[in-house]
Amino acid sequence: MTRLCRTFQTAPAAVPRENSAKYLDSGLTAEGFEAPDWLAPDIEDGTAPSMKAEALENTIDRLPEYGPDFGGEIWPRVEWSYADPSFRERGVDQIDRLVGEAGDHLDGVVVPKVGRRTDVERARSAVAEAEREHGYDDGSIGLSVIVETARAFSDLREIARLGEDSRLTGLIFGPVDYTAELGGRAMDGERPQWAAMLERLSNEASAAGLLAVGGPFDQLFHERAGVTYYNAPGYADQVTREATIGIDGSWSLHPKQTVQANRIHMPTAEELERDVGKIERFVEAKAEGSGAVVLDGQMVDEATYKNFANTVATVRAIDEAHPEQTADRYDGDLVERARAVELGFEGST
Amino acid sequence: MTRLCRTFQTAPAAVPRENSAKYLDSGLTAEGFEAPDWLAPDIEDGTAPSMKAEALENTIDRLPEYGPDFGGEIWPRVEWSYADPSFRERGVDQIDRLVGEAGDHLDGVVVPKVGRRTDVERARSAVAEAEREHGYDDGSIGLSVIVETARAFSDLREIARLGEDSRLTGLIFGPVDYTAELGGRAMDGERPQWAAMLERLSNEASAAGLLAVGGPFDQLFHERAGVTYYNAPGYADQVTREATIGIDGSWSLHPKQTVQANRIHMPTAEELERDVGKIERFVEAKAEGSGAVVLDGQMVDEATYKNFANTVATVRAIDEAHPEQTADRYDGDLVERARAVELGFEGST
Amino acid sequence: MTRLCRTFQTAPAAVPRENSAKYLDSGLTAEGFEAPDWLAPDIEDGTAPSMKAEALENTIDRLPEYGPDFGGEIWPRVEWSYADPSFRERGVDQIDRLVGEAGDHLDGVVVPKVGRRTDVERARSAVAEAEREHGYDDGSIGLSVIVETARAFSDLREIARLGEDSRLTGLIFGPVDYTAELGGRAMDGERPQWAAMLERLSNEASAAGLLAVGGPFDQLFHERAGVTYYNAPGYADQVTREATIGIDGSWSLHPKQTVQANRIHMPTAEELERDVGKIERFVEAKAEGSGAVVLDGQMVDEATYKNFANTVATVRAIDEAHPEQTADRYDGDLVERARAVELGFEGST
């Protein structure tokens with residue numbers, strides 16, 4: 001079954017408001033397309049240094065309350081740095097407290113700013129140690145890492161391979177830190193897209209059976225002639241580029257971004273109609289002895305078929321978890337055909 | 001001497017027609033620009049499961065008949081899968097029968113869906129074993145692999161290096177399976193181009209002295225206002241992108257695609273004229289003591305010169321194998337100058 | 001402190017003119033924005049075979065005279081080839097003579113056409129040997145390599161890691177030789193841009209603490225309706241692409257290119273104003289307990305902040321070395337703010 005991570009939403013776990021857990025609460029109780037597949041209570045960069053302790057307490061406090069009803073997965077982001085042991089010490093403590101006091105409501109932890117493979121192994125040990133210490137089964141608490149340093153990209157193949165036999169679950173791109181490390185520049189106001197690095201991320205994640213998640217898009221708003229508006233096209237363009245190359249989900253900084261990413265990483269009605277139809281016709285042709293047929297101008301064979309099957313597998317996974325989303329987007333007949341069609345395999349990660 | 005592989009044409013080796021070897025026959029007897037440099041009788045994805053046995057028989061039957069007069073190389077595509085041993089067993093059998101019964105007419109076999117380096121080593125052993133078994137010299141039957149899984153791209157450097165001292169001959173891109181593996185999507189109807197992966201393929205092939213071949217283009221036809229037409233620009237754009245980055249040849253699914261790829265991977269008359277002219281002028285300047293000169297606004301030195309020499313080396317190889325093609329495309333005088341000009345080296349692979 | 005290498009200008013060290021060191025002299029005495037951060041007296045491809053000996057003599061002759069007043073670094077390019085031992089022998093001799101007779105005026109040597117990691121180790125040994133032989137401290141003479149072969153790109157990660165504990169200083173892209181090696185083609189008159197390879201170069205250089213330098217742009221002039229003019233936009237576009245992805249400097253073949261690259265690799269007044277302002281406002285927000293704030297529509301946190309800090313760190317380095325350049329480009333008040341603002345770290349390489 002396809003594991004859903006269309007959206008990875010970070011929520012600062014403590015902010016200087018009357019309710020310091022305001023964003024955490026709203027993330028954990030969001031509904032419909034505003035509900036992220038993965039929510040990351042953020043104890044790291046989204047939270048100011050003076051609020052870190054409160055951010056950890058808020059997370060430990062809110063997870064038992066809202067976790068059981070939250071429809072997605074919960075993955076707090078802790079502090080870490082390949083370059084600075086004091087960050088790692090705090091990260092180890094945060095992992096220990098999260099697992100010890102809220103381990104029943106966690107799917108895993110997100111560790112940022114990892115360096116080379118040996119550094120990821122350190123993070124993996126910290127999670128394993130907390131798991132043992134607090135009596136959880138081996139591998140029950142996952143680890144996802146943010147790939148945002150030159151060292152992590154240099155070792156990407158080796159890091160991903162750690163996931164072949166361990167708790168490593170996701171590779172999440174962190175383009176803002178990454179651009180700073182490389183000294184990249186937003187020369188015309190737009191940060192580099194790192195297209196080649198994203199292809200590698202998607203490839204290595206798939207090769208090791210991991211999820212791949214795209215980076216945040218920080219240009220949330222634009223202003224024109226005195227009016228500030230939500231930058232819907234900018235984010236949608238980025239998420240579309242990511243979806244095209246098999247990135248499984250996108251980072252969200254805002255409920256509107258979550259709505260957009262949940263929708264873009266879900267096949268459109270047109271895509272589903274097209275692909276279900278081609279599967280049906282290809283299965284028929286194969287039964288008559290043809291291995292390759294031209295359908296609507298396209299040469300279709302086993303390989304093409306697998307792409308259509310991916311579309312259907314994704315829709316089935318969403319339908320299982322969020323039937324209201326498939327009901328909202330597709331005609332009932334089409335969903336039925338997607339449920340009925342014979343798939344040779346169950347889609348890619 | 002430059003080894004030609006401008007076109008890699010797959011032909012389903014059995015189809016449900018009166019003559020089930022129809023496409024095989026037409027590929028093996030094609031003439032002029034319709035004749036592919038490499039023909040791959042396809043026993044794999046282009047042939048339906050129920051026709052596989054007949055596809056193998058057709059190949060074994062037709063190669064002795066048409067092979068001797070076929071002007072290019074013959075590379076049947078067999079079944080294989082890094083993920084499924086039953087496919088590998090069938091592949092090993094098919095390799096054994098092809099080498100045993102038609103080995104005199106084969107240049108090698110094409111193995112698809114390889115995984116990591118160890119899987120390519122398995123394929124290599126299968127060919128070596130068949131070769132020994134049937135009394136062929138070591139290395140006389142080549143191996144080319146289709147790079148179409150995340151694992152193969154993850155191990156691409158290591159796979160290519162197998163070619164430094166073995167029968168491995170070509171790396172062929174398989175974007176359709178690859179897109180399915182990564183979960184990529186044709187969001188606007190167009191599959192991702194995988195530009196970064198193609199650069200790596202071209203690089204690793206050159207580093208190990210292998211040929212690099214681009215992937216198939218399946219959008220064969222378009223329809224507009226009720227008329228269906230061959231999608232000539234779509235394929236030409238893809239082949240041009242491939243040729244630009246040093247991919248040696250392109251995959252063809254159709255005789256019209258073969259015509260186009262044979263032509264695009266052949267320097268234009270304008271390119272040949274320009275590059276022969278610059279070589280002549282640079283050789284003169286060097287004799288007078290200049291290492292770098294400005295010719296037509298371009299700073300030309302030893303490195304630039306090598307690019308011009310590649311153009312000439314490719315034309316010479318085509319002229320040797322298909323003089324009718326060079327006669328068709330270039331002025332006789334220009335071909336003479338290309339034959340006469342002094343090259344310091346014999347071009348890239 | 002950020003090490004400057006905005007420009008890497010090669011100057012043929014001997015040309016068939018009355019003063020055969022004409023280009024060497026003008027590079028070493030250039031002023032203002034025409035002065036390159038790194039000057040490479042070129043004994044390799046820019047110099048004709050018959051002039052190589054004179055090129056070496058000119059370099060040894062001119063460095064003591066002009067070196068002490070030259071504001072940048074001096075890095076002669078010697079002969080080398082992974083594929084041909086006779087080139088390597090000449091390179092070893094040239095390195096020995098340069099270090100022995102002009103070692104006080106060299107920052108290092110540039111070795112072109114290196115192959116796999118073992119070949120770079122050979123070049124490294126040649127420099128170490130010359131250093132010992134002539135009594136220089138270990139590591140005092142640097143090594144930068146031109147990455148322009150398929151083998152070097154195949155081993156790029158391993159080559160870069162040599163720099164983690166050795167004299168290796170810079171990775172310089174050589175796209176002209178590289179394109180020839182891969183058999184790439186300037187199909188519409190423009191050589192491929194190798195975008196994916198440049199991302200890797202920038203990444204591996206940063207991961208190992210090295211400088212990354214982009215390749216030369218040889219289309220120096222264009223002609224239109226009988227008038228030949230300097231191709232300012234072509235070069236500026238290339239340098240801008242390089243700067244965007246964190247390439248530290250660009251290769252220059254001409255004083256006009258040096259002016260352009262020095263300026264493009266220097267933040268604009270607008271960039272500096274924007275980034276200094278955002279740092280000032282972010283520091284204030286953080287003191288009030290916010291880890292992430294929206295500034296001018298952009299979500300700003302620690303990671304975003306590092307990008308702004310890079311801008312300031314680059315300006316400070318230029319201001320230190322070339323105060324006339326910062327005075328030329330920025331308002332005095334802005335430079336003061338850039339000097340005053342608190343940076344948590346000192347920028348990327």
# chains A, B, ... in the order shown; residues from 1 in each chain; ligands from 1

$ interface_residues --of "chain C" --to "chain A" --cutoff "7 Å" --atoms "only C-alpha atoms" --output "mmCIF file with N, CA, C and O atoms, in the first residue's frame"
data_model
loop_
_atom_site.group_PDB
_atom_site.id
_atom_site.type_symbol
_atom_site.label_atom_id
_atom_site.label_comp_id
_atom_site.auth_asym_id
_atom_site.auth_seq_id
_atom_site.Cartn_x
_atom_site.Cartn_y
_atom_site.Cartn_z
ATOM 1 N N ARG C 157 33.293 13.341 -6.233
ATOM 2 C CA ARG C 157 33.157 13.310 -4.766
ATOM 3 C C ARG C 157 34.474 12.889 -4.114
ATOM 4 O O ARG C 157 34.915 13.494 -3.137
ATOM 5 N N ALA C 196 23.517 20.125 -14.562
ATOM 6 C CA ALA C 196 23.568 19.145 -13.478
ATOM 7 C C ALA C 196 24.995 18.975 -12.970
ATOM 8 O O ALA C 196 25.235 18.840 -11.767
ATOM 9 N N GLU C 199 25.908 21.838 -10.706
ATOM 10 C CA GLU C 199 25.345 21.709 -9.351
ATOM 11 C C GLU C 199 26.213 20.767 -8.519
ATOM 12 O O GLU C 199 26.484 21.024 -7.346
ATOM 13 N N SER C 202 29.457 22.519 -7.503
ATOM 14 C CA SER C 202 29.230 23.468 -6.410
ATOM 15 C C SER C 202 29.044 22.711 -5.106
ATOM 16 O O SER C 202 29.572 23.087 -4.051
ATOM 17 N N ASN C 203 28.308 21.615 -5.161
ATOM 18 C CA ASN C 203 28.042 20.841 -3.952
ATOM 19 C C ASN C 203 29.315 20.202 -3.389
ATOM 20 O O ASN C 203 29.611 20.338 -2.201
ATOM 21 N N GLU C 204 30.069 19.524 -4.244
ATOM 22 C CA GLU C 204 31.244 18.810 -3.732
ATOM 23 C C GLU C 204 32.308 19.784 -3.240
ATOM 24 O O GLU C 204 33.007 19.507 -2.259
ATOM 25 N N SER C 206 31.688 22.716 -1.860
ATOM 26 C CA SER C 206 31.254 23.185 -0.536
ATOM 27 C C SER C 206 31.407 22.103 0.517
ATOM 28 O O SER C 206 31.786 22.381 1.658
ATOM 29 N N ALA C 207 31.101 20.865 0.160
ATOM 30 C CA ALA C 207 31.176 19.779 1.143
ATOM 31 C C ALA C 207 32.603 19.576 1.647
ATOM 32 O O ALA C 207 32.813 19.136 2.768
ATOM 33 N N ALA C 243 26.656 32.109 -10.488
ATOM 34 C CA ALA C 243 26.544 32.744 -9.167
ATOM 35 C C ALA C 243 25.294 32.263 -8.437
ATOM 36 O O ALA C 243 25.294 32.075 -7.222
ATOM 37 N N THR C 244 24.217 32.035 -9.181
ATOM 38 C CA THR C 244 22.959 31.610 -8.568
ATOM 39 C C THR C 244 23.122 30.316 -7.778
ATOM 40 O O THR C 244 22.567 30.168 -6.703
ATOM 41 N N ILE C 245 23.903 29.388 -8.322
ATOM 42 C CA ILE C 245 24.025 28.078 -7.659
ATOM 43 C C ILE C 245 25.272 27.972 -6.783
ATOM 44 O O ILE C 245 25.698 26.873 -6.431
ATOM 45 N N GLY C 246 25.846 29.098 -6.430
ATOM 46 C CA GLY C 246 26.923 29.060 -5.449
ATOM 47 C C GLY C 246 28.295 28.746 -6.007
ATOM 48 O O GLY C 246 29.205 28.404 -5.246
ATOM 49 N N LYS C 286 13.661 38.053 16.615
ATOM 50 C CA LYS C 286 14.138 36.922 17.403
ATOM 51 C C LYS C 286 14.248 37.321 18.871
ATOM 52 O O LYS C 286 13.902 36.547 19.763
ATOM 53 N N GLY C 289 11.154 36.867 20.637
ATOM 54 C CA GLY C 289 10.621 35.518 20.838
ATOM 55 C C GLY C 289 10.098 34.815 19.596
ATOM 56 O O GLY C 289 9.581 33.704 19.681
ATOM 57 N N SER C 290 10.221 35.435 18.413
ATOM 58 C CA SER C 290 9.754 34.770 17.188
ATOM 59 C C SER C 290 10.927 34.085 16.484
ATOM 60 O O SER C 290 11.963 34.715 16.272
ATOM 61 N N GLY C 291 10.731 32.841 16.103
ATOM 62 C CA GLY C 291 11.772 32.133 15.367
ATOM 63 C C GLY C 291 11.601 32.286 13.871
ATOM 64 O O GLY C 291 12.535 32.139 13.100
ATOM 65 N N ALA C 292 10.375 32.591 13.460
ATOM 66 C CA ALA C 292 10.086 32.750 12.036
ATOM 67 C C ALA C 292 9.125 33.924 11.873
ATOM 68 O O ALA C 292 8.098 33.980 12.555
ATOM 69 N N GLY C 297 6.619 39.627 2.742
ATOM 70 C CA GLY C 297 5.980 38.472 2.119
ATOM 71 C C GLY C 297 6.770 37.185 2.222
ATOM 72 O O GLY C 297 6.276 36.118 1.870
ATOM 73 N N GLN C 298 8.032 37.272 2.698
ATOM 74 C CA GLN C 298 8.872 36.075 2.779
ATOM 75 C C GLN C 298 8.936 35.560 4.210
ATOM 76 O O GLN C 298 9.137 36.333 5.150
ATOM 77 N N MET C 299 8.762 34.249 4.391
ATOM 78 C CA MET C 299 8.914 33.613 5.697
ATOM 79 C C MET C 299 10.404 33.518 5.990
ATOM 80 O O MET C 299 11.144 32.838 5.267
ATOM 81 N N ASP C 301 13.526 32.618 8.648
ATOM 82 C CA ASP C 301 13.962 31.969 9.890
ATOM 83 C C ASP C 301 15.487 31.861 9.882
ATOM 84 O O ASP C 301 16.149 32.545 9.089
ATOM 85 N N GLU C 302 16.057 31.027 10.749
ATOM 86 C CA GLU C 302 17.517 30.917 10.828
ATOM 87 C C GLU C 302 18.150 30.573 9.484
ATOM 88 O O GLU C 302 19.232 31.043 9.158
ATOM 89 N N ALA C 303 17.464 29.717 8.729
ATOM 90 C CA ALA C 303 18.036 29.258 7.460
ATOM 91 C C ALA C 303 18.063 30.396 6.438
ATOM 92 O O ALA C 303 19.060 30.608 5.743
ATOM 93 N N THR C 304 16.956 31.136 6.370
ATOM 94 C CA THR C 304 16.898 32.272 5.446
ATOM 95 C C THR C 304 17.965 33.290 5.819
ATOM 96 O O THR C 304 18.642 33.867 4.961
ATOM 97 N N LYS C 306 20.818 32.881 7.094
ATOM 98 C CA LYS C 306 22.180 32.546 6.659
ATOM 99 C C LYS C 306 22.441 33.007 5.230
ATOM 100 O O LYS C 306 23.570 33.350 4.891
ATOM 101 N N ASN C 307 21.393 32.985 4.411
ATOM 102 C CA ASN C 307 21.568 33.472 3.041
ATOM 103 C C ASN C 307 21.871 34.967 3.029
ATOM 104 O O ASN C 307 22.709 35.436 2.275
ATOM 105 N N ASN C 310 25.423 35.534 4.071
ATOM 106 C CA ASN C 310 26.397 35.314 2.995
ATOM 107 C C ASN C 310 26.640 36.584 2.201
ATOM 108 O O ASN C 310 27.765 36.887 1.828
ATOM 109 N N SER C 348 29.617 31.222 3.480
ATOM 110 C CA SER C 348 29.940 29.923 2.883
ATOM 111 C C SER C 348 31.165 30.066 2.016
ATOM 112 O O SER C 348 31.601 31.166 1.685
ATOM 113 N N THR C 349 31.712 28.935 1.606
ATOM 114 C CA THR C 349 32.706 28.986 0.533
ATOM 115 C C THR C 349 32.016 28.630 -0.759
ATOM 116 O O THR C 349 31.041 27.917 -0.779
#

$ residues_around --residues "range 267-271 of chain B" --least-positions-apart "5" --cutoff "8 Å" --atoms "only C-alpha atoms" --output "list in words"
Thr311, Thr314, Val315, Arg329, Tyr330 and Asp331 of chain B; Met187 of chain C

$ select_by_dssp --residues "range 99-337 of chain C" --states "strand (DSSP E or B)" --output "VMD selection string"
chain C and resid 108 to 111 142 to 147 168 to 173 211 to 213 221 to 224 227 to 230 249 to 252 290 293 to 295 298 to 300

$ write_last_selection --atoms "C-alpha atoms" --output "short mmCIF file (atom, residue, chain, number, x, y, z; two decimals), in the first residue's frame"
data_model
loop_
_atom_site.label_atom_id
_atom_site.label_comp_id
_atom_site.auth_asym_id
_atom_site.auth_seq_id
_atom_site.Cartn_x
_atom_site.Cartn_y
_atom_site.Cartn_z
CA GLY C 108 49.55 27.49 -6.20
CA VAL C 109 49.42 25.73 -9.56
CA VAL C 110 46.47 24.79 -11.73
CA VAL C 111 46.54 21.27 -13.16
CA GLY C 142 48.25 25.14 -3.38
CA LEU C 143 46.75 22.90 -6.03
CA SER C 144 43.62 23.59 -8.04
CA VAL C 145 42.42 21.22 -10.73
CA ILE C 146 40.40 21.70 -13.86
CA VAL C 147 37.51 19.29 -13.92
CA LEU C 168 43.66 21.04 -2.83
CA THR C 169 42.03 24.46 -3.02
CA GLY C 170 39.77 24.84 -6.03
CA LEU C 171 37.72 22.88 -8.54
CA ILE C 172 37.52 24.69 -11.87
CA PHE C 173 35.10 23.58 -14.58
CA LEU C 211 36.36 26.96 -4.07
CA ALA C 212 34.28 26.25 -7.19
CA VAL C 213 34.95 28.12 -10.42
CA PHE C 221 32.34 38.47 -30.07
CA HIS C 222 29.25 38.58 -32.21
CA GLU C 223 28.78 40.11 -35.59
CA ARG C 224 25.65 41.86 -36.84
CA VAL C 227 29.80 45.18 -37.09
CA THR C 228 31.58 42.95 -34.60
CA TYR C 229 30.86 43.66 -30.94
CA TYR C 230 31.79 42.27 -27.55
CA GLY C 249 33.87 32.65 -9.38
CA SER C 250 33.99 32.57 -13.16
CA TRP C 251 36.66 31.96 -15.74
CA SER C 252 37.69 34.98 -17.76
CA SER C 290 9.75 34.77 17.19
CA VAL C 293 8.60 36.00 10.78
CA VAL C 294 7.15 37.18 7.50
CA LEU C 295 9.22 40.05 6.09
CA GLN C 298 8.87 36.08 2.78
CA MET C 299 8.91 33.61 5.70
CA VAL C 300 12.28 34.26 7.35
#

$ residues_around --residues "Val78 in chain B" --least-positions-apart "2" --cutoff "10 Å" --atoms "only C-alpha atoms" --output "ChimeraX atom specification"
/B:40-45,52,56,75-76,80,87-88,90-95,98,109-112
